[in-house]
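*Asks:* Structure file coords-v2.tsv (TSV, C-alpha atoms) is given on the next line.
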```
chain	number	residue	atom	x	y	z
A	1	SER	CA	-44.11	66.27	255.79
A	2	ASP	CA	-42.23	63.30	257.25
A	3	PHE	CA	-44.21	63.47	260.51
A	4	ALA	CA	-47.53	63.86	258.66
A	5	PHE	CA	-46.72	60.91	256.37
A	6	ARG	CA	-45.74	58.60	259.23
A	7	SER	CA	-48.86	59.68	261.13
A	8	ASP	CA	-51.04	58.80	258.12
A	9	ASP	CA	-52.18	62.40	257.83
A	10	LEU	CA	-52.21	61.93	254.08
A	11	ALA	CA	-53.82	65.24	253.07
A	12	ARG	CA	-51.30	67.23	255.10
A	13	ALA	CA	-48.39	65.07	253.88
A	14	LYS	CA	-49.40	65.59	250.23
A	15	GLN	CA	-49.65	69.33	250.72
A	16	LEU	CA	-46.25	69.64	252.37
A	17	LEU	CA	-44.52	67.28	249.94
A	18	ALA	CA	-45.94	69.19	246.97
A	19	GLU	CA	-44.78	72.49	248.44
A	20	TYR	CA	-41.33	71.06	249.07
A	21	GLY	CA	-41.06	69.70	245.55
A	22	ALA	CA	-41.96	73.08	244.08
A	23	LEU	CA	-39.09	74.92	245.81
A	24	ALA	CA	-36.53	76.32	243.38
A	25	GLY	CA	-33.55	74.86	245.26
A	26	VAL	CA	-35.11	71.41	245.25
A	27	LYS	CA	-35.67	71.42	241.50
A	28	ALA	CA	-32.09	72.56	240.90
A	29	ASP	CA	-30.60	69.46	242.53
A	30	ALA	CA	-33.20	66.67	242.53
A	31	GLU	CA	-30.83	64.00	243.81
A	32	LYS	CA	-29.52	66.01	246.74
A	33	ALA	CA	-33.01	67.23	247.59
A	34	GLN	CA	-34.29	63.61	247.63
A	35	LEU	CA	-36.95	64.20	245.00
A	36	PRO	CA	-37.23	60.44	244.32
A	37	LEU	CA	-38.22	59.99	247.98
A	38	VAL	CA	-40.75	62.80	247.60
A	39	SER	CA	-42.26	61.01	244.58
A	40	LEU	CA	-42.36	57.76	246.54
A	41	ARG	CA	-44.11	59.37	249.50
A	42	LEU	CA	-46.61	61.11	247.23
A	43	GLY	CA	-47.16	57.79	245.47
A	44	TRP	CA	-47.95	56.10	248.77
A	45	CYS	CA	-50.37	58.90	249.68
A	46	ALA	CA	-52.23	58.47	246.40
A	47	TYR	CA	-52.23	54.68	246.72
A	48	LYS	CA	-53.60	54.74	250.27
A	49	GLN	CA	-56.37	57.05	249.03
A	50	SER	CA	-57.15	54.53	246.24
A	51	ASP	CA	-56.07	57.00	243.55
A	52	PHE	CA	-54.05	54.39	241.70
A	53	ALA	CA	-53.68	56.18	238.36
A	54	VAL	CA	-52.23	59.24	240.12
A	55	ALA	CA	-49.91	56.99	242.14
A	56	ILE	CA	-48.60	55.45	238.91
A	57	GLU	CA	-47.99	58.89	237.39
A	58	LEU	CA	-46.13	60.16	240.46
A	59	LEU	CA	-44.01	57.04	240.72
A	60	SER	CA	-43.18	57.18	237.03
A	61	GLN	CA	-41.86	60.72	237.58
A	62	GLY	CA	-39.73	59.47	240.48
A	63	LEU	CA	-38.40	56.50	238.52
A	64	ALA	CA	-37.26	58.86	235.77
A	65	LEU	CA	-34.89	60.42	238.31
A	66	LYS	CA	-31.68	58.89	239.61
A	67	ALA	CA	-32.86	57.17	242.78
A	68	PRO	CA	-30.93	55.17	245.38
A	69	PRO	CA	-31.46	51.41	244.89
A	70	GLU	CA	-33.67	50.95	247.94
A	71	ILE	CA	-35.94	53.83	246.84
A	72	ARG	CA	-36.10	52.55	243.26
A	73	GLN	CA	-37.02	49.07	244.46
A	74	GLU	CA	-39.88	50.38	246.56
A	75	MET	CA	-41.10	52.60	243.71
A	76	LEU	CA	-41.12	49.67	241.28
A	77	TYR	CA	-43.04	47.56	243.78
A	78	LEU	CA	-45.58	50.28	244.53
A	79	ARG	CA	-46.13	51.14	240.87
A	80	GLY	CA	-46.71	47.45	240.20
A	81	VAL	CA	-49.17	47.14	243.08
A	82	SER	CA	-50.97	50.28	241.91
A	83	ALA	CA	-51.26	48.80	238.40
A	84	LEU	CA	-52.71	45.62	239.89
A	85	SER	CA	-55.29	47.70	241.74
A	86	LEU	CA	-56.70	49.25	238.55
A	87	PRO	CA	-60.07	47.87	237.34
A	88	GLY	CA	-59.67	44.82	235.13
A	89	ALA	CA	-56.01	44.18	236.01
A	90	THR	CA	-55.31	40.44	235.78
A	91	SER	CA	-51.69	40.03	234.66
A	92	VAL	CA	-48.36	40.37	236.45
A	93	PRO	CA	-47.14	44.00	236.18
A	94	PRO	CA	-43.89	44.50	234.21
A	95	ASP	CA	-42.50	46.35	237.25
A	96	PHE	CA	-42.55	43.09	239.22
A	97	VAL	CA	-40.46	41.42	236.53
A	98	THR	CA	-38.00	44.34	236.49
A	99	LEU	CA	-37.78	44.31	240.28
A	100	ALA	CA	-37.12	40.55	240.39
A	101	ILE	CA	-34.31	40.91	237.84
A	102	GLU	CA	-32.69	44.01	239.32
A	103	ALA	CA	-33.00	43.14	243.00
A	104	PRO	CA	-33.78	39.44	243.61
A	105	ASP	CA	-32.82	39.74	247.30
A	106	SER	CA	-34.99	42.78	248.06
A	107	PRO	CA	-37.88	42.29	250.51
A	108	PHE	CA	-40.02	44.14	247.94
A	109	THR	CA	-39.20	41.39	245.46
A	110	ALA	CA	-40.51	38.85	247.96
A	111	GLN	CA	-43.72	40.88	248.23
A	112	ALA	CA	-43.96	41.14	244.44
A	113	CYS	CA	-43.45	37.38	244.00
A	114	TYR	CA	-46.19	36.61	246.50
A	115	ARG	CA	-48.65	39.05	244.93
A	116	ALA	CA	-47.88	37.70	241.46
A	117	ALA	CA	-48.54	34.16	242.67
A	118	LEU	CA	-51.91	35.20	244.13
A	119	LEU	CA	-53.09	35.97	240.61
A	120	GLN	CA	-53.30	32.16	240.21
A	121	GLY	CA	-52.05	32.32	236.62
A	122	ASN	CA	-49.91	29.81	234.74
A	123	ASP	CA	-46.76	31.46	236.10
A	124	ALA	CA	-47.76	31.27	239.77
A	125	LEU	CA	-45.38	28.40	240.53
A	126	GLN	CA	-42.51	30.25	238.86
A	127	TRP	CA	-43.03	33.24	241.17
A	128	LEU	CA	-43.36	31.05	244.25
A	129	ASP	CA	-40.19	29.13	243.35
A	130	ARG	CA	-38.37	32.44	242.96
A	131	LEU	CA	-39.40	33.50	246.46
A	132	LEU	CA	-38.89	30.16	248.21
A	133	SER	CA	-35.58	29.19	246.60
A	134	ASN	CA	-33.81	32.44	247.50
A	135	PRO	CA	-31.90	32.20	250.82
A	136	ALA	CA	-32.36	35.96	251.25
A	137	HIS	CA	-36.08	35.31	251.85
A	138	ALA	CA	-35.62	32.31	254.16
A	139	LYS	CA	-36.94	34.26	257.16
A	140	SER	CA	-39.58	36.25	255.28
A	141	THR	CA	-42.98	36.38	256.95
A	142	LEU	CA	-44.39	35.50	253.53
A	143	ARG	CA	-42.69	32.10	253.49
A	144	GLY	CA	-45.54	30.22	255.18
A	145	GLY	CA	-48.17	31.63	252.84
A	146	ALA	CA	-45.94	30.95	249.82
A	147	LEU	CA	-45.38	27.33	250.87
A	148	LEU	CA	-49.12	26.84	251.30
A	149	LEU	CA	-49.87	28.40	247.91
A	150	ARG	CA	-47.28	26.23	246.18
A	151	ALA	CA	-48.58	23.14	247.94
A	152	GLN	CA	-52.12	23.95	246.80
A	153	HIS	CA	-50.95	24.40	243.21
A	154	SER	CA	-49.04	21.12	243.33
A	155	TYR	CA	-52.01	19.27	244.84
A	156	ASN	CA	-54.38	20.62	242.17
A	157	GLN	CA	-51.94	19.33	239.53
A	158	SER	CA	-51.86	15.88	241.22
A	159	ARG	CA	-48.24	16.32	242.34
A	160	PHE	CA	-49.09	15.06	245.80
A	161	ALA	CA	-45.57	14.24	247.03
A	162	GLU	CA	-44.38	17.77	246.22
A	163	ALA	CA	-47.44	19.26	247.89
A	164	LEU	CA	-46.82	17.16	251.01
A	165	ALA	CA	-43.17	18.25	251.16
A	166	ASP	CA	-44.19	21.93	251.14
A	167	VAL	CA	-46.92	21.39	253.73
A	168	ASN	CA	-44.51	19.60	256.05
A	169	ALA	CA	-41.97	22.39	255.62
A	170	LEU	CA	-44.66	24.95	256.46
A	171	LEU	CA	-45.71	23.14	259.61
A	172	GLN	CA	-42.09	23.24	260.82
A	173	LEU	CA	-41.90	27.06	260.61
A	174	PRO	CA	-41.87	29.03	263.90
A	175	ASP	CA	-44.77	31.17	262.65
A	176	ALA	CA	-46.77	28.28	261.18
A	177	LYS	CA	-49.83	28.99	263.34
A	178	GLU	CA	-51.39	31.46	260.87
A	179	HIS	CA	-51.64	28.78	258.17
A	180	ALA	CA	-51.71	25.67	260.37
A	181	LYS	CA	-55.36	24.66	259.88
A	182	SER	CA	-55.24	24.91	256.10
A	183	ALA	CA	-51.85	23.18	256.05
A	184	GLN	CA	-53.03	20.29	258.23
A	185	LEU	CA	-56.06	19.76	256.03
A	186	LEU	CA	-53.94	19.75	252.89
A	187	GLN	CA	-51.52	17.35	254.59
A	188	ALA	CA	-54.39	14.95	255.26
A	189	LEU	CA	-55.57	15.23	251.64
A	190	CYS	CA	-52.04	14.45	250.43
A	191	TYR	CA	-51.85	11.40	252.70
A	192	GLU	CA	-55.20	10.28	251.28
A	193	ALA	CA	-53.95	10.66	247.69
A	194	LEU	CA	-50.60	8.91	248.18
A	195	PRO	CA	-50.99	5.09	248.39
A	196	GLU	CA	-47.87	4.74	250.55
A	197	LYS	CA	-49.22	7.34	252.99
A	198	SER	CA	-52.92	6.44	253.04
A	199	SER	CA	-52.57	4.74	256.43
A	200	ASP	CA	-51.71	8.16	257.89
A	201	ALA	CA	-54.79	9.84	256.43
A	202	GLU	CA	-57.28	8.88	259.13
A	203	ALA	CA	-54.99	10.08	261.93
A	204	ALA	CA	-54.41	13.35	260.09
A	205	PHE	CA	-58.15	13.89	259.61
A	206	GLU	CA	-58.75	13.02	263.27
A	207	LYS	CA	-56.25	15.64	264.37
A	208	ILE	CA	-58.18	18.33	262.47
A	209	ILE	CA	-61.61	17.11	263.56
A	210	GLY	CA	-60.57	17.00	267.22
A	211	SER	CA	-59.02	20.47	267.16
A	212	GLY	CA	-62.00	22.67	266.36
A	213	ALA	CA	-65.73	23.21	266.34
A	214	VAL	CA	-67.81	20.99	264.06
A	215	ASP	CA	-69.12	24.04	262.18
A	216	SER	CA	-65.65	25.33	261.25
A	217	SER	CA	-64.89	25.01	257.53
A	218	GLU	CA	-61.75	22.91	258.09
A	219	VAL	CA	-63.48	20.45	260.42
A	220	LYS	CA	-66.48	20.09	258.12
A	221	LEU	CA	-64.28	19.42	255.11
A	222	ALA	CA	-62.18	16.95	257.12
A	223	LEU	CA	-65.35	15.10	258.19
A	224	SER	CA	-66.56	14.95	254.61
A	225	ARG	CA	-63.26	13.70	253.20
A	226	ARG	CA	-62.71	11.17	255.99
A	227	ALA	CA	-66.20	9.83	255.39
A	228	LYS	CA	-65.35	9.23	251.70
A	229	PHE	CA	-62.03	7.70	252.69
A	230	ARG	CA	-63.73	5.36	255.16
A	231	PHE	CA	-66.48	4.47	252.66
A	232	ASN	CA	-63.89	3.55	250.02
A	233	ASN	CA	-62.20	1.36	252.61
A	234	LYS	CA	-65.53	-0.32	253.45
A	235	LYS	CA	-65.74	1.20	256.94
A	236	PHE	CA	-69.39	2.02	256.43
A	237	ALA	CA	-70.46	2.53	260.07
A	238	GLU	CA	-67.56	4.90	260.71
A	239	ALA	CA	-68.29	6.78	257.47
A	240	GLU	CA	-71.93	7.12	258.50
A	241	ALA	CA	-70.90	8.61	261.86
A	242	ASP	CA	-68.76	11.23	260.11
A	243	LEU	CA	-71.53	12.10	257.67
A	244	LYS	CA	-74.08	12.58	260.46
A	245	LYS	CA	-71.75	15.06	262.15
A	246	TYR	CA	-71.06	16.79	258.86
A	247	LEU	CA	-74.72	17.12	257.87
A	248	GLY	CA	-76.16	18.01	261.27
A	249	ASN	CA	-79.94	18.22	261.50
A	250	THR	CA	-80.72	20.14	258.32
A	251	LEU	CA	-80.09	19.58	254.62
A	252	ASP	CA	-79.28	22.68	252.57
A	253	ALA	CA	-80.78	22.03	249.13
A	254	LEU	CA	-78.50	24.71	247.61
A	255	ASP	CA	-75.26	23.20	248.97
A	256	ALA	CA	-73.91	20.64	246.48
A	257	SER	CA	-71.44	19.27	249.04
A	258	GLN	CA	-74.24	18.56	251.52
A	259	LEU	CA	-76.34	16.87	248.87
A	260	GLU	CA	-73.41	14.65	247.88
A	261	ALA	CA	-72.81	13.82	251.55
A	262	ALA	CA	-76.49	12.91	252.00
A	263	LEU	CA	-76.26	10.53	249.04
A	264	LEU	CA	-73.14	8.94	250.53
A	265	LEU	CA	-74.99	8.56	253.84
A	266	ALA	CA	-77.76	6.68	252.03
A	267	LEU	CA	-75.19	4.39	250.41
A	268	CYS	CA	-73.55	3.74	253.79
A	269	ARG	CA	-76.89	2.59	255.15
A	270	LYS	CA	-77.52	0.46	252.09
A	271	GLU	CA	-74.16	-1.26	252.51
A	272	GLN	CA	-75.07	-1.98	256.13
A	273	LYS	CA	-78.35	-3.58	255.00
A	274	ASP	CA	-80.37	-0.70	256.47
A	275	THR	CA	-82.73	-0.53	253.50
A	276	ALA	CA	-85.33	1.62	255.26
A	277	GLY	CA	-82.70	4.12	256.39
A	278	ALA	CA	-81.19	4.30	252.92
A	279	ALA	CA	-84.61	4.82	251.32
A	280	ALA	CA	-85.47	7.59	253.81
A	281	GLU	CA	-82.30	9.52	252.91
A	282	LEU	CA	-82.83	9.04	249.19
A	283	LYS	CA	-86.45	10.22	249.40
A	284	LYS	CA	-85.31	13.39	251.21
A	285	LEU	CA	-82.92	14.04	248.35
A	286	ALA	CA	-85.54	13.26	245.71
A	287	ALA	CA	-87.77	15.94	247.23
A	288	VAL	CA	-85.32	18.76	246.45
A	289	PRO	CA	-84.24	20.09	243.03
A	290	LEU	CA	-81.16	18.15	241.95
A	291	LYS	CA	-78.63	18.93	239.24
A	292	GLY	CA	-75.80	17.11	237.51
A	293	VAL	CA	-74.85	13.58	238.52
A	294	LEU	CA	-77.08	13.69	241.61
A	295	ALA	CA	-80.17	14.13	239.43
A	296	PHE	CA	-79.29	10.75	237.88
A	297	GLU	CA	-77.81	8.96	240.88
A	298	VAL	CA	-80.62	9.52	243.40
A	299	PRO	CA	-83.45	7.97	241.31
A	300	PHE	CA	-81.02	5.28	240.12
A	301	GLN	CA	-80.33	4.23	243.73
A	302	LEU	CA	-84.03	4.38	244.57
A	303	GLY	CA	-84.58	2.09	241.61
A	304	ASN	CA	-82.00	-0.34	242.97
A	305	LEU	CA	-83.74	-0.43	246.36
A	306	SER	CA	-87.13	-1.00	244.75
A	307	TYR	CA	-85.73	-3.75	242.50
A	308	GLU	CA	-84.16	-5.55	245.47
A	309	ALA	CA	-87.54	-5.38	247.21
A	310	ALA	CA	-89.20	-6.94	244.12
A	311	GLN	CA	-91.16	-3.70	243.53
A	312	TYR	CA	-90.49	-3.83	239.80
A	313	GLU	CA	-92.94	-1.22	238.54
A	314	ALA	CA	-91.61	1.32	241.05
A	315	ALA	CA	-88.05	0.38	240.12
A	316	ALA	CA	-88.75	0.91	236.42
A	317	ALA	CA	-90.25	4.34	237.15
A	318	HIS	CA	-87.13	5.35	239.10
A	319	TYR	CA	-84.81	4.12	236.34
A	320	ARG	CA	-86.78	6.04	233.71
A	321	LYS	CA	-86.44	9.18	235.80
A	322	ALA	CA	-82.69	8.60	236.13
A	323	LEU	CA	-82.35	8.15	232.37
A	324	ASP	CA	-84.40	11.30	231.70
A	325	ALA	CA	-81.99	13.24	233.92
A	326	ALA	CA	-78.95	11.63	232.25
A	327	ALA	CA	-79.55	13.59	229.04
A	328	ALA	CA	-78.44	16.78	230.80
A	329	VAL	CA	-75.39	15.24	232.54
A	330	LYS	CA	-72.32	15.47	230.31
A	331	GLU	CA	-69.92	13.94	232.83
A	332	LEU	CA	-71.92	10.72	233.27
A	333	PRO	CA	-69.86	7.66	232.21
A	334	ASN	CA	-71.28	5.13	229.77
A	335	SER	CA	-71.03	2.46	232.47
A	336	ALA	CA	-73.63	4.32	234.55
A	337	LEU	CA	-75.97	4.67	231.57
A	338	SER	CA	-75.50	1.03	230.69
A	339	ALA	CA	-76.39	-0.01	234.24
A	340	ALA	CA	-79.55	2.13	234.17
A	341	TRP	CA	-80.75	0.72	230.83
A	342	LEU	CA	-79.98	-2.84	231.92
A	343	ASN	CA	-81.82	-2.39	235.21
A	344	LEU	CA	-84.76	-0.79	233.44
A	345	ALA	CA	-84.88	-3.72	231.03
A	346	TRP	CA	-84.97	-6.32	233.78
A	347	SER	CA	-87.42	-4.35	235.95
A	348	SER	CA	-89.76	-3.97	232.99
A	349	ARG	CA	-89.45	-7.65	232.14
A	350	HIS	CA	-90.32	-8.65	235.71
A	351	ALA	CA	-93.23	-6.18	235.61
A	352	LYS	CA	-94.53	-7.91	232.45
A	353	ASP	CA	-93.83	-4.80	230.32
A	354	ALA	CA	-92.20	-6.55	227.38
A	355	LYS	CA	-92.28	-3.51	225.07
A	356	THR	CA	-90.29	-1.30	227.48
A	357	ALA	CA	-87.90	-4.16	228.26
A	358	GLU	CA	-87.19	-4.73	224.57
A	359	LYS	CA	-86.55	-1.01	223.99
A	360	ALA	CA	-84.25	-0.82	227.05
A	361	PHE	CA	-82.20	-3.80	225.85
A	362	ALA	CA	-81.90	-2.14	222.42
A	363	GLU	CA	-80.62	1.09	224.00
A	364	LEU	CA	-78.17	-0.91	226.06
A	365	LEU	CA	-76.75	-2.55	222.93
A	366	LYS	CA	-76.24	0.88	221.35
A	367	LEU	CA	-73.99	1.78	224.29
A	368	ASP	CA	-72.29	-1.61	224.54
A	369	ALA	CA	-72.57	-3.82	221.48
A	370	MET	CA	-70.95	-6.73	223.34
A	371	GLY	CA	-73.74	-6.62	225.89
A	372	PRO	CA	-73.57	-7.06	229.69
```
As structure tokens - that is how I would like this structure written.
*Replies:*
Amino acid sequence: SDFAFRSDDLARAKQLLAEYGALAGVKADAEKAQLPLVSLRLGWCAYKQSDFAVAIELLSQGLALKAPPEIRQEMLYLRGVSALSLPGATSVPPDFVTLAIEAPDSPFTAQACYRAALLQGNDALQWLDRLLSNPAHAKSTLRGGALLLRAQHSYNQSRFAEALADVNALLQLPDAKEHAKSAQLLQALCYEALPEKSSDAEAAFEKIIGSGAVDSSEVKLALSRRAKFRFNNKKFAEAEADLKKYLGNTLDALDASQLEAALLLALCRKEQKDTAGAAAELKKLAAVPLKGVLAFEVPFQLGNLSYEAAQYEAAAAHYRKALDAAAAVKELPNSALSAAWLNLAWSSRHAKDAKTAEKAFAELLKLDAMGP
């Protein structure tokens, strides 16, 4: 049975283990006959064959026996993993909690902590802290993944300094290569978010962009984020160069990130006084179905271009379209609505449409009684 199990001949291993467990001498002295090990092996066979309910039953039988600590730890881990594999399982198995209490230094506890953290629940950080703070797991192969997970959690909770500390620790590990690309990207994002580190952000993004193909997910995201960083720092030509690389030659109308990048490209051109180039990008966007803020922002920017060109009727039409879209955009700030109503009012006034101008000014006052 031992040879069959180690050779992954699961059917043969199950047969031999079952026959062994049924022997009269084995039943008479379960501890001496290593019945807990038999239950563990049978549990692994069932688990590897995706028969998770049977695995749980077999392991429960083994855990009811007096098992050596190392066997008990593995059985608790496997029963917990089997429970997680059942349809609809979303919470940390009680066996993981028991294992962490009984054997905090066990390698199976490290595995349990990592799996619990992957559930992405409210307790994820608690499980990661338990793994990473224990010196017994300092050389665990899970350490890099755990550091990255904790850094991601910290970043998503705007704890950028903590996230950066974990990322830097990860990049110092001997086996950092597996997680290096994700870690370097998160490092750059942390630099970007921390005012005292923002000067390091461009170099960090450049390191990622120069290390891989343009179509890799890390490089594309780095190009997109560096473009926003450069735009916010008024480096419009450099931002435009990044956006061109990011977008390539085609615009995917179903990719929200590409649509947002195309809008930013139009704004870069506008800031560089390339009105024709900005209008061309905005018209491409206007030709595809837009949702959310983009459905407002694209016609709003087209209205701005038309207004600056003294094309007031066209500007008013664009502003009306933006305001029509605004009704379905919950996250739109009042300042954006106010700007659209104000611009519509002035466009209509210049176009000699006094009635629309008066209505637009009235709507503006509803949003901001103090007026512009």
*Asks:* Please report, as a tab-separated table, each residue of segment 106-220 of chain A lying at most 12 Å from segment 82-96 of chain A, together with the nearest pair of atoms and the separation in Å rounded to one decimal; use all atoms listed in the file, and order rows by chain and ascending residue number.
*Replies:*
```
residue	atom	partner	partner_atom	distance
A:Ser106	CA	A:Phe96	CA	11.6
A:Phe108	CA	A:Phe96	CA	9.1
A:Thr109	CA	A:Phe96	CA	7.3
A:Ala110	CA	A:Phe96	CA	9.9
A:Gln111	CA	A:Phe96	CA	9.4
A:Ala112	CA	A:Phe96	CA	5.7
A:Cys113	CA	A:Phe96	CA	7.5
A:Tyr114	CA	A:Phe96	CA	10.4
A:Arg115	CA	A:Val92	CA	8.6
A:Ala116	CA	A:Val92	CA	5.7
A:Ala117	CA	A:Val92	CA	8.8
A:Leu118	CA	A:Val92	CA	9.9
A:Leu119	CA	A:Thr90	CA	6.9
A:Gln120	CA	A:Thr90	CA	9.6
A:Gly121	CA	A:Ser91	CA	8.0
A:Asn122	CA	A:Ser91	CA	10.4
A:Asp123	CA	A:Val92	CA	9.1
A:Ala124	CA	A:Val92	CA	9.7
A:Gln126	CA	A:Val92	CA	11.9
A:Trp127	CA	A:Phe96	CA	10.1
```
*Asks:* Find the residues near segment 164-177 of chain A: any atom within 6 Å, counting only C-alpha atoms, skip ones fewer than 3 places away on the same chain, and give them as JSON, numbers by chain.
*Replies:* {"A": [144, 147, 151, 161, 180, 183, 187, 190]}
*Asks:* Rank A:Thr250, A:Ser216, A:Asn334, A:Gln61 by their smallest atom-to-atom distance to Lys181 of chain A, using only C-alpha atoms, and report the top residue only.
*Replies:*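 Selected residue with least distance to Lys181 of chain A: A:Ser216.
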*Asks:* Give me the residues within 10 Å of Asn304 of chain A as a PDB file with C-alpha atoms, keeping the file's coordinate frame, counting only C-alpha atoms and dropping any in the same chain fewer than 3 places off.
*Replies:*
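Dumped everything to selection_1.pdb:
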```pdb
ATOM      1  CA  VAL A 298     -80.620   9.520 243.400  1.00  0.00           C
ATOM      2  CA  PRO A 299     -83.450   7.970 241.310  1.00  0.00           C
ATOM      3  CA  PHE A 300     -81.020   5.280 240.120  1.00  0.00           C
ATOM      4  CA  GLN A 301     -80.330   4.230 243.730  1.00  0.00           C
ATOM      5  CA  TYR A 307     -85.730  -3.750 242.500  1.00  0.00           C
ATOM      6  CA  GLU A 308     -84.160  -5.550 245.470  1.00  0.00           C
ATOM      7  CA  ALA A 309     -87.540  -5.380 247.210  1.00  0.00           C
ATOM      8  CA  ALA A 310     -89.200  -6.940 244.120  1.00  0.00           C
ATOM      9  CA  GLN A 311     -91.160  -3.700 243.530  1.00  0.00           C
ATOM     10  CA  TYR A 312     -90.490  -3.830 239.800  1.00  0.00           C
ATOM     11  CA  ALA A 314     -91.610   1.320 241.050  1.00  0.00           C
ATOM     12  CA  ALA A 315     -88.050   0.380 240.120  1.00  0.00           C
ATOM     13  CA  ALA A 316     -88.750   0.910 236.420  1.00  0.00           C
ATOM     14  CA  HIS A 318     -87.130   5.350 239.100  1.00  0.00           C
ATOM     15  CA  TYR A 319     -84.810   4.120 236.340  1.00  0.00           C
ATOM     16  CA  ALA A 340     -79.550   2.130 234.170  1.00  0.00           C
ATOM     17  CA  ASN A 343     -81.820  -2.390 235.210  1.00  0.00           C
ATOM     18  CA  LEU A 344     -84.760  -0.790 233.440  1.00  0.00           C
ATOM     19  CA  SER A 347     -87.420  -4.350 235.950  1.00  0.00           C
TER      20      SER A 347
END
```
*Asks:* Counting all atoms listed in the file, which of A:Trp341, A:Tyr47, A:Phe296, A:Phe231 gets nearest to Lys321 of chain A?
*Replies:*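 For Lys321 of chain A, the nearest of the candidates is A:Phe296.
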*Asks:* Using Å and a single decimal, report how far atom CA of Ala241 of chain A sits from atom CA of Ser217 of chain A.
*Replies:* 18.0 Å
*Asks:* Write out as a list of chain:residue names each polymer residue whose atoms come within 12 Å of Ala136 of chain A, counting only C-alpha atoms; drop sequence neighbours fewer than 2 positions from it.
*Replies:*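 Residues near the query, excluding close chain neighbours: A:Ala103, A:Pro104, A:Asp105, A:Ser106, A:Pro107, A:Phe108, A:Thr109, A:Ala110, A:Arg130, A:Leu131, A:Leu132, A:Ser133, A:Asn134, A:Ala138, A:Lys139, A:Ser140, A:Arg143.
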*Asks:* What would the file look like if the residues just selected were written as a JSON list (two decimals), in the frame of the given file with C-alpha atoms?
*Replies:*
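Dumped to part_39.json:
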```json
[["chain", "number", "residue", "atom", "x", "y", "z"],
["A", 103, "ALA", "CA", -33.00, 43.14, 243.00],
["A", 104, "PRO", "CA", -33.78, 39.44, 243.61],
["A", 105, "ASP", "CA", -32.82, 39.74, 247.30],
["A", 106, "SER", "CA", -34.99, 42.78, 248.06],
["A", 107, "PRO", "CA", -37.88, 42.29, 250.51],
["A", 108, "PHE", "CA", -40.02, 44.14, 247.94],
["A", 109, "THR", "CA", -39.20, 41.39, 245.46],
["A", 110, "ALA", "CA", -40.51, 38.85, 247.96],
["A", 130, "ARG", "CA", -38.37, 32.44, 242.96],
["A", 131, "LEU", "CA", -39.40, 33.50, 246.46],
["A", 132, "LEU", "CA", -38.89, 30.16, 248.21],
["A", 133, "SER", "CA", -35.58, 29.19, 246.60],
["A", 134, "ASN", "CA", -33.81, 32.44, 247.50],
["A", 138, "ALA", "CA", -35.62, 32.31, 254.16],
["A", 139, "LYS", "CA", -36.94, 34.26, 257.16],
["A", 140, "SER", "CA", -39.58, 36.25, 255.28],
["A", 143, "ARG", "CA", -42.69, 32.10, 253.49]]
```
*Asks:* Could you tell me how far atom CA of Glu102 of chain A sits from atom CA of Ala55 of chain A, in Å to one decimal place?
*Replies:*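 Separation of atom CA of Ala55 of chain A and atom CA of Glu102 of chain A: 21.7 Å.
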*Asks:* Would you pick out the contacts of Glu202 of chain A at 10 Å or less, using only C-alpha atoms, so that residues sharing its chain but fewer than 5 positions from it are not included, and give the list as a VMD selection string?
*Replies:* chain A and resid 188 to 189 191 to 192 207 222 225 to 227 229 to 230
*Asks:* May I ask for the distance between atom CA of Glu74 of chain A and atom CA of Ile101 of chain A, given in Å to one decimal place?
*Replies:*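 Answer for the atom CA of Glu74 of chain A to atom CA of Ile101 of chain A separation: 14.0 Å.
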*Asks:* Any idea what's packed within 12 Å of Pro68 of chain A, counting all atoms listed in the file, ignoring anything in its chain fewer than 4 positions away? Could you give it as number ranges by chain?
*Replies:* A: 31-32, 34-37, 40, 62-63, 72-75
*Asks:* Looking at A:Leu290, A:Leu267, A:Leu186, A:Leu285, which one is nearest to Phe160 of chain A, with distances taken over only C-alpha atoms?
*Replies:* A:Leu186
*Asks:* Could you check the closest approach to Gly145 of chain A for each of A:Glu178, A:Lys14, A:Thr275, A:Arg159 and tell me which residue wins, using only C-alpha atoms?
*Replies:*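 Counting only C-alpha atoms, the residue closest to Gly145 of chain A is A:Glu178.
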*Asks:* Go through A:Asp368, A:Asp274, A:Asp324, A:Asp51 one by one, measure the shortest atom-to-atom distance of each to Val293 of chain A using all atoms listed in the file, and give the residue with the smallest value.
*Replies:*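 Looking at the shortest contact to Val293 of chain A, the residue is A:Asp324.
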